Amino acid sequence: MPRELTESQLIERSIIKTYRKEIWNPFIEGVKNYELVNNGDKIAVCISGGKDSMLMAKLLQQLKRVSETEFELVFLVMDPGYNEVNRRRIEENAARLEIPITVFESSIFDITNSVGGSPCYLCARMRRGHLYAKAKELGCNKIALGHHFSDVIETTLLGMFYGSQLQAMLPKLHSTNFEGMELIRPMYCINEEAIIRWAKYNKLEFIQCACRFVDEYSNSEDGIGASKRREIKMLIKELKKTNPNIEHSIFKSIHGVCLDTFPAYKQKGEYHSFLDEY
């Protein structure tokens, strides 16, 4: 008689069976193509409590079980000032998914909510700094963040439309402030739509952005709220009606940049003009 699987095991099975083509295969593709995980790594898997970082934790757990590469994982949750409901949901979901989290406290929400204007950029920078510092303290050489394929596309378009720059999101990068540390993005090739379907399939409910500044985001029906990123999401959705491959075209374009056709570009912060070698 076959043994009965636990809820966590059923959820894990859905990743490698039901969503193998949409989630597991793109995950493996990204890890291999960008050389994200190496022998001897100790990776701090940074969990915010949302769908992306929770799925990333499960993917890396599964990779550790089946990979010939020897590496360690620490599942790191920073509490920047969550309310009691969100903190409890993160802990309950981690237990349900059998993710052994390590939680540490910070006061980022109190600091960023006291500044004028939008605190999102400051919050993101402070979060990353705290995560790097804690990961290094725990002996890790990498932190893993849950940015996915859709984030890569949207960030590229946001930079073009609102930042007047062609700038993409790298699958990995060296830290400039924490020597010997790297940031990796294991979900780089996974579309957000697949992540949403996986969560719904398993009846999983994760927190949205838990910042008190963006309650609209958390309470919106589509989970993205009113923002410039929402505008980009809606634009892509509209473009896909006539060009279903629009996202993959944008993704491929950032892997095929031809500097010979650009009148100017920046490299390591230094400006270069095509006139320099004309």
# chains A, B, ... in the order shown; residues from 1 in each chain; ligands from 1
call {"tool": "select_by_dssp", "arguments": {"residues": "segment 98-182 of chain A", "states": "strand (DSSP E or B)", "output": "VMD selection string"}}
result
chain A and resid 101 to 105 142 to 144 172 to 174 182
call {"tool": "closest_residue", "arguments": {"among": "A:Asn191, A:Gln167, A:Asn177, A:Asn86", "to": "Gly146 of chain A", "atoms": "only C-alpha atoms"}}
result
A:Asn191
call {"tool": "closest_residue", "arguments": {"among": "A:Ala168, A:Ile11, A:Leu131, A:Leu239", "to": "Gln62 of chain A", "atoms": "only C-alpha atoms"}}
result
A:Ile11
call {"tool": "closest_residue", "arguments": {"among": "A:Lys172, A:Lys268, A:Arg230, A:Arg197", "to": "Ile184 of chain A", "atoms": "only C-alpha atoms"}}
result
A:Lys172
call {"tool": "select_by_dssp", "arguments": {"residues": "segment 62-177 of chain A", "states": "helix (DSSP H, G or I)", "output": "MDAnalysis selection string"}}
result
chainID A and resid 62:66 84:96 108:112 120:137 149:163
